[in-house]
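K.L.:
The structure that follows is given in the form of structure tokens.
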Amino acid sequence: MDDHGSDREPDAPMRFEVDRRTVIETGTTALLLAALPHAAVAAGYASGDEPPPPPVNLELQINGLRHSLTLAPRTTLLDALREHLALTGSKKGCDHGQCGACTVLIDGRRINSCLTLAVMHDGQSISTIEGLAQGGNLHPLQRAFVEHDGFQCGYCTSGQICSAIGMLAESRSGMPSYVTEDLTKSAAELTDAEIRERMSGNICRCAAYPNIVEAIKQAAGMPT
Amino acid sequence: MKAFTYQRADSPAQAAAAAVKPGAKIIAGGTNLLDLMKLQVETPSNLVDINRLPLDKIEETPDGGLRIGTLVRNSDLAADPRVRQRYGVLSRALLAGASAQLRNKATTGGNLLQRTRCYYFYDITKPCNKRSPGSGCAAIAGFNRIHAILGTSEHCIATHPSDMAVAMRALDAMVETVNGQGETKVIPIAKFYRLPGNTPETETSLKPGEIITAVTLPPPPPGVQIYRKVRDRASYAFALVSVAAIVDSTRGRIRSARLAFGGLAHRPWRVAHAEQRLVNAPANTTTFTAVADAVLEGARGFGGNDFKVPLTRRTLTGVLSESTTQT
């Protein structure tokens with residue numbers, strides 16, 4: 001039996017999280033939880049487990065604001081944002097770096113926040129969807145997504161927009177892509193094919209891709 | 001994810017010394033390790049973070065090659081003007097792998113050491129000799145569309161998933177390492193990866209506690225460089241078959257060629273006598289067929305991956321044909 005729910009830190013609010021496999025495999029989760037001392041459940045540790053490793057202190061600069069955090073080392077950057085800082089704009093889609101819904105920018109570069117630990121980014125600057133609008137004015141990409149209907153359910157949208165910001169910066173800096181014909185040219189022209197290849201790390205289950213491409217083209221100042 | 005303690009390394013040798021302890025694991029980009037830790041395929045009790053070590057430079061070597069620090073991110077390596085000019089096959093292979101977000105994080109050393117994407121290796125409820133030695137192999141009689149057709153054993157038919165390593169194999173890259181005593185070593189990439197044999201859990205020739213510090217590329221060989229990847233999606237998918245080719249030819253006659261293959265085996269696959277057949281050979285179908293025969297000698301499918309034999313043949317023919325008409 002592993003320690004289900006153990007991703008929660010000792011200081012986090014108590015919550016019962018039971019994954020589907022636990023229920024299917026054991027069918028006894030409720031019984032098990034009822035039998036454990038309250039504190040052990042809240043800490044996410046079954047009795048007999050090793051005591052949890054000490055939490056770590058770190059500082060993150062998020063959307064221009066400094067945050068001091070004390071976290072279990074295993075806290076991903078995504079969980080730090082969502083569960084500890086209430087910045088729930090970055091979404092947990094697959095939690096395995098396959099969907100891109102958790103995309104944020106670290107020092108201007110797009111990454112999957114689900115596949116990195118918060119503690120690895122101590123002292124770094126992170127931009128999330130919450131920090132893009134300035135004084136009530138949407139970021140040009142946010143506006144373009146609205147104008148071109150670049151979403152349906154909207155779950156992937158914050159990741160799409162953060163990814164597109166990183167993508168346009170990469171493209172401007174001359175980064176090639178898999179579909180760039182001539183690698184020796186310093187910069188590739190952005191085309192529909194280039195945008196699609198460069199955005200392939202962001203999956204949209206509603207398949208709003210044509211409108212996402214149009215929104216990005218508008219924000220990039222390309223004819224749409 | 002199981003709980004672990006975290007430390008930041010002060011030097012490569014100190015990282016290596018920390019990593020030799022039981023339960024310790026080095027973390028760099030983390031894009032594969034954290035994925036595996038979430039599934040409890042990997043359960044380290046201590047993570048040694050090397051991200052802040054000064055191993056992120058790409059330098060010219062005196063002989064005209066490049067020395068790539070182990071922490072150079074995949075995206076930065078692919079975009080480096082020297083790599084794009086002189087090692088196009090490497091740039092292309094990197095850009096063919098993963099997504100932009102993952103390439104921004106994934107490192108050179110970490111890419112070399114990433115684990116197979118065999119479904120059964122990832123599923124801790126299934127037997128897998130690589131994850132749990134002696135438990136058996138669920139892939140051999142299971143779903144094996146993505147699995148190996150060359151160099152397999154009765155214990156494991158996993159493939160190495162890297163694109164970058166395939167290009168590096170064609171370029172005869174050298175892997176530089178350091179251990180906890182500060183002793184350095186250089187391992188040719190041809191000797192870096194192992195076949196599964198009886199010990200599929202041991203994938204490389206790295207000793208415990210030995211860590212990668214850099215990868216060196218010799219000066220680029222002459223010829224056209226091509227990386228062709230065949231996969232189930234147009235982007236963001238692992239290779240079913242990939243070919244890294246460096247072919248030097250003139251007016252329909254091949255002077256020399258190097259061919260490395262991904263998606264076929266437990267390591268990037270290269271066959272010296274197949275390449276030898278291309279020396280001074282005419283660039284025609286007869287030659288290409290003979291080369292494909294030599295590359296695929298001993299190939300064996302396991303049902304779901306039988307298609308890889310003809311797919312490799314066709315992909316190779318396409319690459320050789322393209323590379324000999326580009327001069």
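Quick note on naming: the chains in the structure tokens go A, B, ... in the order shown, residues restart at 1 in each chain, and ligands are numbered from 1 in order of appearance.
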Can you tell me which residues surround Lys57 of chain B at a distance of at most 10 Å, considering only C-alpha atoms, apart from same-chain residues fewer than 5 positions away, and format the answer as a list in words?

P.N.:
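Skipping anything fewer than 5 positions along the chain leaves Arg67, Ile68, Gly69, Thr70, Leu71, Val72, Arg73, Asp76, Leu77 and Ala214 of chain B.
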
K.L.:
Could you list the residues in chain B lying within 8 Å of chain A, using only C-alpha atoms, and format the result as a count of residues only?

P.N.:
31

K.L.:
Give me, as a ChimeraX atom specification, all polymer residues having an atom no more than 9 Å from segment 149-154 of chain A, counting only C-alpha atoms and skipping those fewer than 2 positions away in the same chain.

P.N.:
/A:144-147,156-158,204-215

K.L.:
Where does DSSP see strand (DSSP E or B) in segment 83-204 of chain B, if you list the residues as a PyMOL selection string?

P.N.:
chain B and resi 107+128+137+153+156+174-178+184-188+193+204

K.L.:
What separation in Å, quoted to one decimal, exists between atom CA of Ile161 of chain A and atom CA of Ala237 of chain B?

P.N.:
22.1 Å

K.L.:
Ser11 of chain B: which residues within 9 Å, counting only C-alpha atoms, same-chain residues fewer than 3 positions away excluded, as a ChimeraX atom specification?

P.N.:
/B:14-16,50,53-54

K.L.:
What's the separation between atom CA of Arg169 of chain B and atom CA of Arg52 of chain B, in Å to one decimal place?

P.N.:
27.9 Å

K.L.:
Fewer than 5 positions away in the same chain doesn't count, so skip those; otherwise give me all residues within 9 Å of segment 129-132 of chain A, counting only C-alpha atoms, as a list in words.

P.N.:
Ile62, Asn63, Gly64, Leu87, Thr88, Gly89, Ser90, Val104, Asn137, Leu138, His139, Gln142, Ser158, Gly159, Ile161 and Cys162 of chain A

K.L.:
Would you write out those residues with N, CA and C atoms, as a short mmCIF file (atom, residue, chain, number, x, y, z; two decimals), in the first residue's frame?

P.N.:
data_model
loop_
_atom_site.label_atom_id
_atom_site.label_comp_id
_atom_site.auth_asym_id
_atom_site.auth_seq_id
_atom_site.Cartn_x
_atom_site.Cartn_y
_atom_site.Cartn_z
N ILE A 62 6.78 36.09 -8.89
CA ILE A 62 5.71 35.68 -9.79
C ILE A 62 4.91 36.89 -10.25
N ASN A 63 4.87 37.11 -11.54
CA ASN A 63 4.18 38.26 -12.12
C ASN A 63 4.61 39.56 -11.43
N GLY A 64 5.90 39.63 -11.12
CA GLY A 64 6.45 40.86 -10.54
C GLY A 64 6.37 40.94 -9.02
N LEU A 87 -2.96 30.68 -7.51
CA LEU A 87 -2.90 31.12 -8.91
C LEU A 87 -3.34 29.93 -9.77
N THR A 88 -4.64 29.82 -9.93
CA THR A 88 -5.18 28.61 -10.57
C THR A 88 -5.39 28.78 -12.08
N GLY A 89 -4.85 29.88 -12.62
CA GLY A 89 -4.96 30.08 -14.07
C GLY A 89 -4.17 29.03 -14.85
N SER A 90 -3.00 28.65 -14.35
CA SER A 90 -2.24 27.56 -14.98
C SER A 90 -2.95 26.26 -14.64
N VAL A 104 3.98 27.89 -18.33
CA VAL A 104 4.29 29.22 -17.78
C VAL A 104 5.63 29.67 -18.38
N ASN A 137 -6.16 46.14 -19.18
CA ASN A 137 -6.07 45.90 -20.63
C ASN A 137 -5.52 44.51 -20.89
N LEU A 138 -6.25 43.75 -21.66
CA LEU A 138 -5.78 42.39 -21.96
C LEU A 138 -4.49 42.46 -22.76
N HIS A 139 -3.67 41.43 -22.58
CA HIS A 139 -2.49 41.26 -23.43
C HIS A 139 -2.97 41.04 -24.87
N GLN A 142 -4.24 37.64 -25.48
CA GLN A 142 -5.53 37.36 -24.83
C GLN A 142 -6.66 37.95 -25.67
N SER A 158 -5.10 29.12 -21.12
CA SER A 158 -4.02 29.84 -20.44
C SER A 158 -2.66 29.27 -20.85
N GLY A 159 -2.60 27.97 -21.02
CA GLY A 159 -1.36 27.36 -21.49
C GLY A 159 -1.06 27.74 -22.94
N ILE A 161 -1.91 30.49 -24.44
CA ILE A 161 -1.51 31.90 -24.52
C ILE A 161 -0.09 32.08 -24.00
N CYS A 162 0.22 31.47 -22.85
CA CYS A 162 1.61 31.58 -22.33
C CYS A 162 2.59 30.96 -23.31
#

K.L.:
Any idea what the distance is between atom CA of Thr128 of chain A and atom CA of Ala164 of chain A?

P.N.:
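Straight-line distance from atom CA of Thr128 of chain A to atom CA of Ala164 of chain A works out to 12.4 Å.
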
K.L.:
Given only C-alpha atoms as the basis, pick out the residue of B:Asn74, B:Ser132, B:Thr204, B:Thr213 nearest to Arg115 of chain B.

P.N.:
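Comparing B:Asn74, B:Ser132, B:Thr204, B:Thr213 against Arg115 of chain B, the winner is B:Thr204.
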
K.L.:
Got a sec to tell me which of segment 30-207 of chain A DSSP assigns to helix (DSSP H, G or I), as JSON, numbers by chain?

P.N.:
{"A": [30, 31, 32, 33, 34, 35, 38, 39, 40, 41, 42, 43, 77, 78, 79, 80, 81, 82, 83, 84, 113, 114, 115, 118, 119, 120, 121, 129, 130, 131, 140, 141, 142, 143, 144, 145, 146, 147, 157, 158, 159, 160, 161, 162, 163, 164, 165, 166, 167, 168, 169, 170, 171, 172, 192, 193, 194, 195, 196, 197, 198]}

K.L.:
Go through A:Thr224, A:Gln218, A:Gln61, A:Thr191 and flag the residue nearest Asp122 of chain A, using only C-alpha atoms for the distances.

P.N.:
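The answer is A:Gln61, which sits nearest to Asp122 of chain A.
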
K.L.:
When you look at segment 240-242 of chain B with a cut-off of 9 Å (counting only C-alpha atoms), what residues show up, excluding the ones that are within fewer than 5 positions of it in the same chain? I need them as JSON, numbers by chain.

P.N.:
{"B": [145, 146, 147, 163, 166, 227, 228, 229, 230, 231, 232, 260, 261, 262, 263, 264, 305, 308, 311, 312, 315, 316]}

K.L.:
Tell me which protein, DNA and RNA residues are within 9 Å of Leu259 of chain B, counting only C-alpha atoms, leaving out same-chain ones fewer than 6 positions away, and put them as a list in words.

P.N.:
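Neighbouring residues, sequence-local ones excluded: Arg169, Ala170, Val243, Ala244, Ala245, Ile246, Val247, Trp269, Arg270, Val271, Ala272, Ala274, Glu275 and Leu316 of chain B.
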